[in-house]
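A.B. asks: Structure supplied as final-v3.txt; contents: compact mmCIF, C-alpha atoms and all ligand atoms.
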```
# COMPACT_ATOMS: atom_id res chain seq x y z
CA MET I 23 134.02 83.75 128.84
CA ASN I 24 131.32 86.18 127.90
CA ASP I 25 128.67 86.30 130.60
CA VAL I 26 127.37 89.83 130.00
CA PRO I 27 123.60 89.55 130.59
CA ALA I 28 121.36 90.38 127.64
CA PRO I 29 119.81 93.85 128.02
CA ALA I 30 116.20 93.96 129.20
CA PRO I 31 113.70 94.18 126.34
CA LEU I 32 112.81 97.67 125.22
CA VAL I 33 109.16 98.72 124.94
CA LEU I 34 108.06 101.89 123.18
CA VAL I 35 104.93 103.31 124.78
CA ILE I 36 103.04 105.76 122.58
CA VAL I 37 100.48 107.75 124.55
CA GLY I 38 97.51 108.92 122.50
CA GLY I 39 95.12 111.78 123.04
CA SER I 40 92.33 110.17 124.97
CA MET I 41 91.05 110.56 128.49
CA ALA I 42 92.63 107.19 129.30
CA ALA I 43 96.08 108.76 128.77
CA VAL I 44 96.04 109.33 132.53
CA LYS I 45 96.49 105.59 132.96
CA ALA I 46 99.74 105.61 130.97
CA PRO I 47 102.02 106.13 134.02
CA ALA I 48 100.54 102.98 135.62
CA VAL I 49 101.25 101.07 132.40
CA LEU I 50 104.84 102.34 132.39
CA ARG I 51 105.34 101.31 136.01
CA ARG I 52 103.91 97.85 135.39
CA LEU I 53 106.09 97.33 132.32
CA ARG I 54 109.17 98.25 134.31
CA GLU I 55 108.15 95.97 137.17
CA GLY I 56 107.82 93.25 134.54
CA GLY I 57 111.48 93.71 133.62
CA ALA I 58 111.20 95.89 130.50
CA ARG I 59 112.99 99.14 129.69
CA VAL I 60 110.65 101.81 128.37
CA ARG I 61 110.70 104.78 126.00
CA VAL I 62 107.75 107.15 125.77
CA ILE I 63 106.22 109.23 123.01
CA ALA I 64 103.32 111.51 123.95
CA THR I 65 101.26 112.99 121.14
CA GLN I 66 100.29 116.66 121.27
CA ALA I 67 96.75 115.64 122.20
CA ALA I 68 97.95 113.29 124.95
CA LEU I 69 99.61 116.24 126.65
CA ALA I 70 96.19 117.83 127.05
CA PHE I 71 95.31 114.97 129.43
CA ILE I 72 98.57 114.04 131.11
CA THR I 73 101.71 116.02 131.89
CA GLU I 74 105.14 115.21 130.54
CA LEU I 75 106.37 115.23 134.12
CA SER I 76 104.01 112.40 135.20
CA LEU I 77 105.09 110.30 132.23
CA ALA I 78 108.79 111.04 132.70
CA THR I 79 108.56 110.18 136.40
CA ALA I 80 106.86 106.85 135.74
CA ALA I 81 109.28 106.04 132.91
CA GLU I 82 112.32 107.36 134.78
CA GLY I 83 113.35 108.83 131.47
CA GLU I 84 112.66 111.50 128.89
CA VAL I 85 109.41 111.88 127.05
CA ALA I 86 109.61 112.35 123.29
CA THR I 87 107.09 114.79 121.85
CA ASP I 88 106.62 116.75 118.64
CA ASN I 89 108.71 119.46 120.27
CA THR I 90 111.68 117.18 120.88
CA TRP I 91 111.33 115.80 117.34
CA PHE I 92 111.90 119.17 115.78
CA MET I 93 114.78 120.06 118.07
CA ALA I 94 118.20 120.12 116.51
CA ARG I 95 119.53 116.66 117.38
CA PRO I 96 122.03 114.30 115.81
CA ASP I 97 119.60 111.40 115.35
CA ALA I 98 116.31 111.05 113.54
CA GLN I 99 114.26 110.55 116.68
CA HIS I 100 111.45 108.61 115.00
CA LEU I 101 113.95 106.08 113.68
CA THR I 102 115.76 105.69 116.97
CA LEU I 103 112.55 105.18 118.93
CA ALA I 104 111.32 102.67 116.38
CA LYS I 105 114.11 100.26 117.31
CA ALA I 106 112.12 99.03 120.34
CA ASP I 107 111.40 95.31 120.70
CA ALA I 108 107.67 96.01 120.96
CA THR I 109 105.39 99.04 120.71
CA VAL I 110 102.18 99.65 122.64
CA VAL I 111 99.82 102.52 121.87
CA VAL I 112 98.04 103.43 125.09
CA GLY I 113 94.86 105.48 124.96
CA ALA I 114 94.80 105.19 121.19
CA SER I 115 92.44 107.79 119.75
CA ALA I 116 90.43 107.54 116.53
CA ASP I 117 92.71 110.15 114.98
CA LEU I 118 95.93 108.32 115.82
CA LEU I 119 94.47 105.09 114.41
CA ALA I 120 93.59 106.98 111.24
CA ARG I 121 97.03 108.57 110.92
CA ALA I 122 98.69 105.16 111.30
CA ALA I 123 96.27 103.41 108.94
CA LEU I 124 96.88 106.05 106.27
CA GLY I 125 100.65 106.02 106.71
CA HIS I 126 100.93 109.64 107.79
CA ALA I 127 104.23 110.93 109.08
CA SER I 128 102.85 114.25 110.20
CA ASP I 129 103.81 113.89 113.86
CA LEU I 130 106.40 111.95 115.85
CA ALA I 131 104.01 109.14 116.89
CA ALA I 132 102.76 108.49 113.36
CA ALA I 133 106.22 108.76 111.81
CA THR I 134 107.62 106.33 114.37
CA LEU I 135 104.80 103.87 113.72
CA LEU I 136 105.88 103.85 110.05
CA SER I 137 109.29 102.55 110.97
CA VAL I 138 108.73 100.23 113.96
CA ARG I 139 110.09 96.71 113.55
CA GLY I 140 108.71 94.72 116.48
CA PRO I 141 105.08 93.85 117.20
CA VAL I 142 102.55 96.66 117.76
CA LEU I 143 99.70 96.51 120.27
CA TRP I 144 96.90 99.08 120.07
CA VAL I 145 94.90 99.82 123.20
CA PRO I 146 92.07 102.04 122.04
CA ALA I 147 89.97 104.23 124.28
CA MET I 148 87.21 106.33 122.84
CA ASN I 149 83.51 106.93 122.85
CA GLU I 150 81.50 103.88 121.80
CA ARG I 151 79.91 105.58 118.77
CA MET I 152 83.33 106.67 117.56
CA TRP I 153 84.80 103.18 118.03
CA ARG I 154 81.90 101.58 116.18
CA HIS I 155 82.03 104.03 113.26
CA PRO I 156 82.89 102.21 110.03
CA ALA I 157 85.77 104.59 109.40
CA VAL I 158 87.43 103.69 112.70
CA GLN I 159 86.66 99.99 112.27
CA ALA I 160 88.12 100.04 108.76
CA ASN I 161 91.29 101.70 110.04
CA ALA I 162 91.61 99.14 112.83
CA GLU I 163 91.03 96.34 110.33
CA ARG I 164 93.71 97.73 108.04
CA LEU I 165 96.20 97.79 110.90
CA ARG I 166 95.25 94.21 111.80
CA THR I 167 96.03 93.05 108.27
CA TRP I 168 99.55 94.35 108.82
CA GLY I 169 99.83 92.18 111.91
CA HIS I 170 99.07 94.86 114.49
CA ARG I 171 97.14 93.57 117.50
CA PHE I 172 94.39 95.12 119.58
CA LEU I 173 93.55 94.93 123.26
CA GLY I 174 90.04 96.16 124.02
CA PRO I 175 88.28 98.47 124.16
CA GLU I 176 86.24 96.96 126.94
CA VAL I 177 82.72 97.44 128.14
CA GLY I 178 82.60 99.56 131.27
CA ALA I 179 82.28 103.01 132.73
CA PHE I 180 84.33 105.70 131.07
CA GLY I 181 84.75 109.43 131.05
CA THR I 182 84.69 111.82 133.94
CA ARG I 183 81.58 113.77 132.96
CA GLY I 184 79.10 110.98 133.33
CA GLU I 185 79.42 109.82 129.75
CA GLY I 186 78.17 106.57 131.18
CA SER I 187 79.18 103.12 130.29
CA GLY I 188 79.50 101.14 127.12
CA LEU I 189 82.13 99.79 124.78
CA GLY I 190 85.12 102.08 124.67
CA ARG I 191 86.76 101.84 128.06
CA MET I 192 90.47 101.20 127.91
CA ALA I 193 91.89 97.91 129.26
CA GLU I 194 93.42 98.05 132.74
CA PRO I 195 97.12 98.97 133.05
CA GLU I 196 98.18 95.57 134.42
CA ASP I 197 96.49 93.80 131.52
CA ILE I 198 98.08 96.18 129.02
CA ALA I 199 101.50 95.55 130.55
CA ALA I 200 101.01 91.77 130.56
CA ALA I 201 99.79 91.73 126.95
CA THR I 202 102.77 93.86 125.92
CA LEU I 203 105.31 91.73 127.79
CA ALA I 204 103.75 88.63 126.24
CA LEU I 205 104.50 90.07 122.78
CA LEU I 206 108.17 89.98 123.62
CA ARG I 207 108.14 86.21 123.90
CA PRO I 208 108.58 84.13 120.77
CA PRO I 209 105.33 82.40 119.73
CA ALA I 210 106.88 78.96 120.24
CA ALA I 211 107.12 79.73 123.95
CA ARG I 212 103.37 80.39 124.19
CA ASP I 213 102.51 76.73 124.38
CA LEU I 214 99.73 77.14 126.97
CA GLU I 215 97.72 79.64 124.91
CA GLY I 216 93.99 79.08 125.39
CA LEU I 217 94.33 77.09 128.62
CA LYS I 218 92.82 78.21 131.89
CA VAL I 219 95.15 77.51 134.79
CA VAL I 220 94.30 77.87 138.48
CA VAL I 221 97.15 78.04 140.99
CA SER I 222 96.86 78.16 144.76
CA ALA I 223 99.75 79.57 146.75
CA GLY I 224 100.95 80.53 150.20
CA PRO I 225 99.76 79.46 153.64
CA THR I 226 96.30 79.53 155.13
CA ARG I 227 95.48 81.11 158.46
CA GLU I 228 93.12 79.32 160.77
CA TYR I 229 91.99 81.84 163.35
CA LEU I 230 91.41 80.67 166.91
CA ASP I 231 90.18 84.11 167.92
CA PRO I 232 90.47 87.58 166.28
CA VAL I 233 94.20 87.85 166.96
CA ARG I 234 95.59 84.31 167.00
CA PHE I 235 95.87 81.83 164.21
CA ILE I 236 97.48 78.56 163.19
CA SER I 237 99.58 78.84 160.04
CA ASN I 238 102.86 77.78 158.47
CA PRO I 239 105.89 79.52 156.95
CA SER I 240 104.91 79.10 153.27
CA SER I 241 106.17 82.17 151.35
CA GLY I 242 104.00 81.66 148.28
CA LYS I 243 107.07 81.86 146.02
CA MET I 244 106.58 78.43 144.44
CA GLY I 245 102.93 79.06 143.56
CA PHE I 246 103.65 82.56 142.27
CA ALA I 247 106.41 81.12 140.06
CA VAL I 248 103.96 78.57 138.60
CA ALA I 249 101.35 81.28 138.00
CA GLU I 250 103.86 83.61 136.32
CA GLU I 251 105.34 80.87 134.16
CA ALA I 252 101.84 79.80 133.04
CA ARG I 253 100.95 83.42 132.23
CA ASP I 254 104.14 83.93 130.23
CA ARG I 255 103.37 80.78 128.24
CA GLY I 256 100.02 82.25 127.24
CA ALA I 257 97.63 80.69 129.77
CA GLN I 258 94.76 82.56 131.38
CA VAL I 259 95.67 82.36 135.04
CA THR I 260 93.79 82.67 138.32
CA LEU I 261 96.06 82.80 141.36
CA VAL I 262 94.40 82.12 144.71
CA THR I 263 96.78 83.13 147.45
CA GLY I 264 96.94 83.14 151.21
CA PRO I 265 98.67 85.99 153.08
CA VAL I 266 102.18 86.43 151.62
CA SER I 267 104.55 89.35 151.34
CA LEU I 268 104.81 89.18 147.54
CA SER I 269 103.09 91.79 145.37
CA ASP I 270 100.33 90.66 143.03
CA PRO I 271 101.73 89.53 139.69
CA VAL I 272 100.45 91.42 136.65
CA GLY I 273 98.37 89.88 133.91
CA MET I 274 96.32 87.44 135.91
CA GLN I 275 93.37 87.36 138.23
CA VAL I 276 94.54 87.33 141.84
CA VAL I 277 92.18 86.24 144.62
CA HIS I 278 93.23 86.82 148.22
CA ILE I 279 92.04 84.41 150.91
CA GLU I 280 92.98 83.63 154.48
CA SER I 281 91.46 80.37 155.68
CA ALA I 282 91.32 76.90 154.12
CA LEU I 283 87.55 77.25 153.80
CA GLU I 284 87.97 80.50 151.84
CA LEU I 285 90.66 78.86 149.73
CA ARG I 286 88.33 75.98 148.99
CA GLU I 287 85.54 78.30 147.86
CA ALA I 288 87.82 80.39 145.63
CA VAL I 289 89.60 77.40 144.07
CA LEU I 290 86.42 75.41 143.39
CA GLU I 291 84.83 78.46 141.79
CA ALA I 292 87.87 79.18 139.58
CA ALA I 293 88.37 75.48 138.78
CA ARG I 294 84.91 75.09 137.27
CA ASP I 295 86.02 75.89 133.74
CA ALA I 296 89.76 75.34 134.29
CA ASP I 297 91.99 72.98 132.32
CA VAL I 298 94.72 72.76 134.93
CA VAL I 299 94.73 73.19 138.73
CA VAL I 300 98.02 73.35 140.60
CA MET I 301 97.61 73.18 144.37
CA THR I 302 100.80 74.73 145.67
CA ALA I 303 99.16 76.22 148.76
CA ALA I 304 100.25 74.89 152.13
CA VAL I 305 96.74 74.31 153.41
CA ALA I 306 96.44 73.97 157.18
CA ASP I 307 95.09 70.50 157.89
CA TYR I 308 93.05 71.66 160.89
CA ARG I 309 91.09 74.69 161.99
CA ALA I 310 89.61 75.64 165.35
CA ALA I 311 86.49 73.61 166.03
CA GLN I 312 84.98 76.77 167.40
CA ARG I 313 86.45 80.12 166.49
CA SER I 314 85.96 82.67 169.22
CA ASP I 315 84.74 86.15 168.25
CA GLU I 316 86.52 87.61 171.26
CA LYS I 317 90.16 87.42 172.19
CA GLN I 318 90.60 84.54 174.58
CA ALA I 319 92.05 85.66 177.90
CA LYS I 320 95.20 84.04 179.17
CA VAL I 321 94.57 81.36 181.78
CA ALA I 322 96.92 79.78 184.26
CA GLY I 323 98.16 76.35 183.23
CA ASP I 324 97.76 74.31 180.07
CA VAL I 325 95.05 74.86 177.50
CA THR I 326 93.59 72.38 175.08
CA LEU I 327 92.75 73.38 171.53
CA HIS I 328 89.89 71.63 169.83
CA LEU I 329 90.71 71.33 166.16
CA THR I 330 88.65 69.94 163.34
CA PRO I 331 89.98 68.77 159.97
CA ASN I 332 89.80 71.07 156.98
CA PRO I 333 88.34 69.75 153.75
CA ASP I 334 90.94 68.36 151.36
CA ILE I 335 90.52 70.60 148.32
CA LEU I 336 92.74 68.62 145.98
CA ALA I 337 90.92 65.39 146.86
CA GLU I 338 87.59 67.12 146.28
CA LEU I 339 88.74 68.29 142.85
CA GLY I 340 89.96 64.75 142.18
CA GLU I 341 86.48 63.35 142.85
CA HIS I 342 85.08 65.39 139.97
CA LYS I 343 88.20 65.51 137.88
CA GLY I 344 86.70 65.76 134.41
CA GLY I 345 89.34 66.55 131.82
CA ARG I 346 91.37 68.68 134.20
CA VAL I 347 95.00 68.06 134.99
CA LEU I 348 95.47 68.14 138.77
CA VAL I 349 98.84 68.75 140.37
CA GLY I 350 99.65 68.64 144.07
CA PHE I 351 102.65 69.33 146.23
CA ALA I 352 103.64 67.26 149.21
CA MET I 353 106.09 67.82 152.00
CA GLU I 354 107.41 64.72 153.63
CA THR I 355 110.18 64.14 156.09
CA HIS I 356 110.24 60.35 155.65
CA ALA I 357 109.03 57.60 153.29
CA GLY I 358 108.42 60.39 150.82
CA LEU I 359 108.14 58.45 147.57
CA GLU I 360 105.62 55.89 148.78
CA ARG I 361 103.58 58.45 150.64
CA ALA I 362 103.54 60.84 147.67
CA ALA I 363 102.46 58.12 145.21
CA LEU I 364 99.75 57.03 147.64
CA LYS I 365 98.65 60.64 147.99
CA ALA I 366 98.49 61.08 144.21
CA ARG I 367 96.27 57.97 143.96
CA ARG I 368 94.08 58.90 146.90
CA LYS I 369 93.54 62.45 145.66
CA ASN I 370 93.30 61.42 141.98
CA ALA I 371 96.08 63.86 141.08
CA ASP I 372 98.05 63.42 137.86
CA PHE I 373 101.28 63.94 139.73
CA ILE I 374 102.71 65.31 142.92
CA LEU I 375 105.85 67.29 143.46
CA LEU I 376 107.49 66.02 146.58
CA ASN I 377 109.79 68.24 148.54
CA TYR I 378 111.67 68.08 151.75
CA PRO I 379 111.00 70.97 154.12
CA THR I 380 114.05 70.19 156.19
CA ARG I 381 116.60 70.71 153.38
CA GLU I 382 118.32 74.06 153.64
CA GLY I 383 117.64 76.69 150.97
CA THR I 384 114.73 74.81 149.46
CA ALA I 385 110.97 74.68 149.96
CA PHE I 386 109.67 77.15 152.56
CA GLY I 387 110.84 80.68 151.86
CA GLY I 388 113.82 79.84 149.66
CA ASP I 389 114.29 80.83 146.03
CA ASP I 390 115.24 77.30 145.03
CA ASN I 391 113.50 73.99 145.35
CA GLU I 392 114.62 70.40 145.10
CA VAL I 393 111.68 68.23 144.20
CA THR I 394 110.86 64.78 142.96
CA LEU I 395 108.01 64.34 140.53
CA VAL I 396 105.93 61.37 141.69
CA ARG I 397 103.18 59.79 139.59
CA PRO I 398 100.29 57.74 140.95
CA ASP I 399 101.90 54.52 139.67
CA GLY I 400 104.96 55.26 141.75
CA THR I 401 107.25 56.17 138.85
CA HIS I 402 109.23 59.28 139.66
CA ASP I 403 111.86 61.73 138.43
CA ALA I 404 114.18 63.38 140.92
CA TRP I 405 115.06 66.88 139.74
CA PRO I 406 118.23 68.60 140.88
CA ARG I 407 118.08 71.73 142.97
CA LEU I 408 116.57 74.38 140.68
CA SER I 409 115.17 77.88 140.92
CA LYS I 410 111.45 77.85 141.70
CA ARG I 411 110.82 79.36 138.26
CA GLU I 412 112.66 76.43 136.62
CA VAL I 413 110.66 73.98 138.75
CA ALA I 414 107.53 75.76 137.50
CA ARG I 415 108.72 75.42 133.91
CA ARG I 416 109.27 71.67 134.26
CA LEU I 417 105.99 71.25 136.13
CA LEU I 418 104.11 72.86 133.23
CA ASP I 419 106.07 70.77 130.71
CA GLU I 420 104.79 67.69 132.56
CA VAL I 421 101.25 69.11 132.49
CA ARG I 422 101.57 69.35 128.70
CA ARG I 423 102.76 65.74 128.52
CA VAL I 424 99.80 64.58 130.64
CA ARG I 425 97.38 66.47 128.40
CA ALA I 426 99.00 65.12 125.24
CA ALA I 427 98.84 61.55 126.60
CA ALA I 428 95.17 61.98 127.55
CA ALA I 429 94.38 63.42 124.11
CA GLY I 430 96.19 60.48 122.50
CA ALA I 431 94.34 57.93 124.66
CA GLY I 432 91.05 59.62 123.94
CA GLY I 433 91.68 59.35 120.17
O1 LIG G 1 97.82 65.65 152.22
P1 LIG G 1 98.79 66.75 152.05
O2 LIG G 1 98.49 67.98 152.84
O3 LIG G 1 100.24 66.35 152.20
O4 LIG G 1 98.63 67.12 150.51
C1 LIG G 1 99.30 68.18 149.94
C2 LIG G 1 98.61 68.61 148.68
O5 LIG G 1 97.19 68.65 148.86
C3 LIG G 1 98.99 69.99 148.30
O6 LIG G 1 98.92 70.11 146.88
C4 LIG G 1 97.93 70.85 148.98
O7 LIG G 1 97.76 72.09 148.35
C5 LIG G 1 96.71 69.97 148.87
N1 LIG G 1 95.79 70.11 150.00
C6 LIG G 1 94.49 70.50 149.80
N2 LIG G 1 93.62 70.63 150.84
C7 LIG G 1 94.01 70.34 152.09
C8 LIG G 1 95.32 69.90 152.32
C9 LIG G 1 96.20 69.82 151.25
O8 LIG G 1 94.12 70.75 148.65
N3 LIG G 1 93.15 70.44 153.09
```
Let me see the file written as structure tokens.
Ligand code: C5P

C.D. replies:
Amino acid sequence: MNDVPAPAPLVLVIVGGSMAAVKAPAVLRRLREGGARVRVIATQAALAFITELSLATAAEGEVATDNTWFMARPDAQHLTLAKADATVVVGASADLLARAALGHASDLAAATLLSVRGPVLWVPAMNERMWRHPAVQANAERLRTWGHRFLGPEVGAFGTRGEGSGLGRMAEPEDIAAATLALLRPPAARDLEGLKVVVSAGPTREYLDPVRFISNPSSGKMGFAVAEEARDRGAQVTLVTGPVSLSDPVGMQVVHIESALELREAVLEAARDADVVVMTAAVADYRAAQRSDEKQAKVAGDVTLHLTPNPDILAELGEHKGGRVLVGFAMETHAGLERAALKARRKNADFILLNYPTREGTAFGGDDNEVTLVRPDGTHDAWPRLSKREVARRLLDEVRRVRAAAAGAGG
């Protein structure tokens, strides 16, 4: 049996001669965190802004430059580097755009761009007047006609000498990495392109005083898996998360909250123009009726906590559902199917994923989950034990079915 895993995708990062070249190490790190292998070319001009050592450290590998190109070596370096699965040009300067658009092979970067096979993403960074010049725009347009893509430039502050703000600022490293990783996926897999998806994840903390809170053991893994799967399928994702020990995923907006009230505010705000809301967060049902600003001293004997119910965010979204698809999670220890269907009806959710917190290795903290999809009419599908990522995949497949059915019903 051949179970050798496929090698990680290979991304060629070409660093151009712009001030934004200093952001290239962050892009390299993010790409590697996202599971890609990287190769780096730095143009001569790039090396005026960033050292080879910083790039090599971030890439954990060699940096190809015009000097290495002309070294005696057995391979034609521009052809070897061009075999990457995708190419991203970070800090693309007007000159590099021009060299590529004119088909120059005068330096390693330009020569390599003539022989790349996979998709190419340009991330320009230059002064606004330069970017807007018809010569630069014509070069960019020419590259686009060959199927090259562009990310940015964006409006924002740029330069270190008070050049000010305007169009020309390079996209942020995490967005560059996400856009590059997305290129590695076949277009058929990008079936959520154009959709805005909001995902809540993790626990909430309901503080009793500055140092004590009520919470639960939610790890956030299920919600993060949904957010990452949606991102990889092309959706624009906002992840609203309670305190978890996972690092922020790249390529999405991440909002950190602590309490249910903060979660409510962040989710309602993000949900305004959303197409899909997945409430994976384990929202605490109650909070302290009165939160103390000072640490409460220990007293002898029993104490009574006065708790007040938190607003039900999913139910609130359900009241003004609009065209959104709403998905909830439910944890039940008994009468799960009936209770989950009832919950879906009461909260006006399209479906609920029911899981059992008491089953070992699933739900809280685990990497797997065993869930049953329950619809408001009580119909359900029990899924086997799956990785949380696979649960996320099936969840989003069901979201697509719900949207397709609604589109069909609506004519
Ligand atoms: O009613 P129950 O807490 O079992 O419902 C679980 C679902 O409702 C989850 O999707 C959870 O994120 C959501 N929920 C909510 N606001 C609450 C409690 C739960 O949105 N206050």

A.B. asks: Determine, counting all atoms listed in the file, every residue of protein, DNA or RNA that lies within 12 Å of (92.3, 71.4, 149.9) in the file coordinates, then give the result as an mmCIF file with C-alpha atoms, in the coordinates of the input.

C.D. replies:
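To be explicit, this is the file written out as point.cif:
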```cif
data_model
loop_
_atom_site.group_PDB
_atom_site.id
_atom_site.type_symbol
_atom_site.label_atom_id
_atom_site.label_comp_id
_atom_site.auth_asym_id
_atom_site.auth_seq_id
_atom_site.Cartn_x
_atom_site.Cartn_y
_atom_site.Cartn_z
ATOM 1 C CA SER I 222 96.860 78.160 144.760
ATOM 2 C CA ALA I 223 99.750 79.570 146.750
ATOM 3 C CA PRO I 225 99.760 79.460 153.640
ATOM 4 C CA THR I 226 96.300 79.530 155.130
ATOM 5 C CA SER I 281 91.460 80.370 155.680
ATOM 6 C CA ALA I 282 91.320 76.900 154.120
ATOM 7 C CA LEU I 283 87.550 77.250 153.800
ATOM 8 C CA GLU I 284 87.970 80.500 151.840
ATOM 9 C CA LEU I 285 90.660 78.860 149.730
ATOM 10 C CA ARG I 286 88.330 75.980 148.990
ATOM 11 C CA GLU I 287 85.540 78.300 147.860
ATOM 12 C CA ALA I 288 87.820 80.390 145.630
ATOM 13 C CA VAL I 289 89.600 77.400 144.070
ATOM 14 C CA LEU I 290 86.420 75.410 143.390
ATOM 15 C CA VAL I 299 94.730 73.190 138.730
ATOM 16 C CA VAL I 300 98.020 73.350 140.600
ATOM 17 C CA MET I 301 97.610 73.180 144.370
ATOM 18 C CA THR I 302 100.800 74.730 145.670
ATOM 19 C CA ALA I 303 99.160 76.220 148.760
ATOM 20 C CA ALA I 304 100.250 74.890 152.130
ATOM 21 C CA VAL I 305 96.740 74.310 153.410
ATOM 22 C CA ALA I 306 96.440 73.970 157.180
ATOM 23 C CA ASP I 307 95.090 70.500 157.890
ATOM 24 C CA TYR I 308 93.050 71.660 160.890
ATOM 25 C CA PRO I 331 89.980 68.770 159.970
ATOM 26 C CA ASN I 332 89.800 71.070 156.980
ATOM 27 C CA PRO I 333 88.340 69.750 153.750
ATOM 28 C CA ASP I 334 90.940 68.360 151.360
ATOM 29 C CA ILE I 335 90.520 70.600 148.320
ATOM 30 C CA LEU I 336 92.740 68.620 145.980
ATOM 31 C CA ALA I 337 90.920 65.390 146.860
ATOM 32 C CA GLU I 338 87.590 67.120 146.280
ATOM 33 C CA LEU I 339 88.740 68.290 142.850
ATOM 34 C CA GLY I 340 89.960 64.750 142.180
ATOM 35 C CA VAL I 349 98.840 68.750 140.370
ATOM 36 C CA GLY I 350 99.650 68.640 144.070
ATOM 37 C CA PHE I 351 102.650 69.330 146.230
ATOM 38 C CA LYS I 369 93.540 62.450 145.660
#
```

A.B. asks: Considering all atoms listed in the file, can you say which of I:Leu395, I:Leu119, I:Ala86, I:Ala48 comes closest to Thr65 in chain I?

C.D. replies: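 Comparing I:Leu395, I:Leu119, I:Ala86, I:Ala48 against Thr65 in chain I, the winner is I:Ala86.
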
A.B. asks: Figure out the distance between CA of Phe373 in chain I and CA of Asp213 in chain I, please, to one decimal in Å.

C.D. replies: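 Computed distance, CA of Asp213 in chain I to CA of Phe373 in chain I, equals 20.0 Å.
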
A.B. asks: Do a neighbour search on Pro29 in chain I at 12 Å with all atoms listed in the file, toss out local chain neighbours closer than 6 positions, and write the hits as a VMD selection string.

C.D. replies: chain I and resid 57 to 59 107

A.B. asks: Produce the centre coordinates and the three edge lengths, each in Å to one decimal, of the box along x, y and z that contains all listed atoms of ligand LIG 1 (chain G) with 3 Å added on each side, as lines of an AutoDock Vina configuration file.

C.D. replies:
```
center_x = 96.7
center_y = 68.9
center_z = 150.0
size_x = 13.1
size_y = 12.4
size_z = 12.2
```

A.B. asks: At what distance in Å, to one decimal, does CA of Leu205 in chain I lie from CA of Leu69 in chain I?

C.D. replies: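 Going from CA of Leu69 in chain I over to CA of Leu205 in chain I covers 26.9 Å.
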
A.B. asks: Which one is closest to Val110 in chain I: I:Ala211, I:Leu124, I:Val259, I:Leu135? Count all atoms listed in the file.

C.D. replies: I:Leu135

A.B. asks: Using all atoms listed in the file, find the one residue out of I:Val220, I:Leu143, I:Met353, I:Val266 that sits nearest to Ala252 in chain I.

C.D. replies: I:Val220

A.B. asks: Under the rule that only C-alpha atoms and all ligand atoms are counted, which of I:Gly242, I:Gly140, I:Gly83, I:Gly56 is the nearest residue to ligand LIG 1 (chain G)?

C.D. replies: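 The closest residue to ligand LIG 1 (chain G) is I:Gly242.
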
A.B. asks: Just give me the gap between CA of Asp372 in chain I and CA of Glu250 in chain I in Å, one decimal is fine.

C.D. replies: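 We find that CA of Asp372 in chain I and CA of Glu250 in chain I lie 21.1 Å from each other.
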
A.B. asks: The residues within 6 Å of (105.9, 84.2, 127.2), using all atoms listed in the file and the coordinates of the file, should be reported as a PyMOL selection string; which are they?

C.D. replies: chain I and resi 204+207+211-212+254-255

A.B. asks: Rank nothing, just name the residue among I:Ala429, I:Val413, I:Leu75, I:Leu375 nearest to ligand LIG 1 (chain G), using all atoms listed in the file.

C.D. replies: I:Leu375

A.B. asks: Extract, using only C-alpha atoms, all DNA, RNA and protein residues at most 9 Å from Gly169 in chain I, discarding same-chain residues fewer than 2 positions from it, and format them as a list in words.

C.D. replies: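 Here the answer would be Pro141, Val142, Leu165, Arg166, Thr167 and Arg171 of chain I.
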
A.B. asks: Hey, which of I:Ala193, I:Ala352, I:Val248, I:Leu206 ends up closest to Ala371 in chain I? Count only C-alpha atoms.

C.D. replies: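 Between I:Ala193, I:Ala352, I:Val248, I:Leu206, the residue approaching Ala371 in chain I most closely is I:Ala352.
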
A.B. asks: Write out as a list in words each polymer residue whose atoms come within 10 Å of Met274 in chain I, counting all atoms listed in the file; drop sequence neighbours fewer than 3 positions from it.

C.D. replies: Glu196, Asp197, Ala200, Ala249, Glu250, Ala252, Arg253, Ala257, Gln258, Val259, Thr260, Leu261, Asp270, Pro271 and Val277 of chain I

A.B. asks: Give me, as a list in words, all polymer residues having an atom no more than 10 Å from Lys410 in chain I, counting only C-alpha atoms and skipping those fewer than 2 positions away in the same chain.

C.D. replies: Lys243, Met244, Gly245, Phe246, Ala247, Val248, Thr384, Ala385, Gly388, Asp389, Asp390, Asn391, Glu392, Val393, Arg407, Leu408, Glu412, Val413, Ala414, Arg415 and Arg416 of chain I

A.B. asks: Counting only C-alpha atoms, what is within 12 Å of Lys45 in chain I, bar same-chain residues fewer than 2 positions away, as JSON, numbers by chain?

C.D. replies: {"I": [35, 37, 38, 39, 40, 41, 42, 43, 47, 48, 49, 50, 51, 52, 68, 71, 72, 73, 76, 77, 80, 111, 112, 113, 114, 145, 147, 191, 192, 193, 194, 195, 196, 197, 198, 199]}
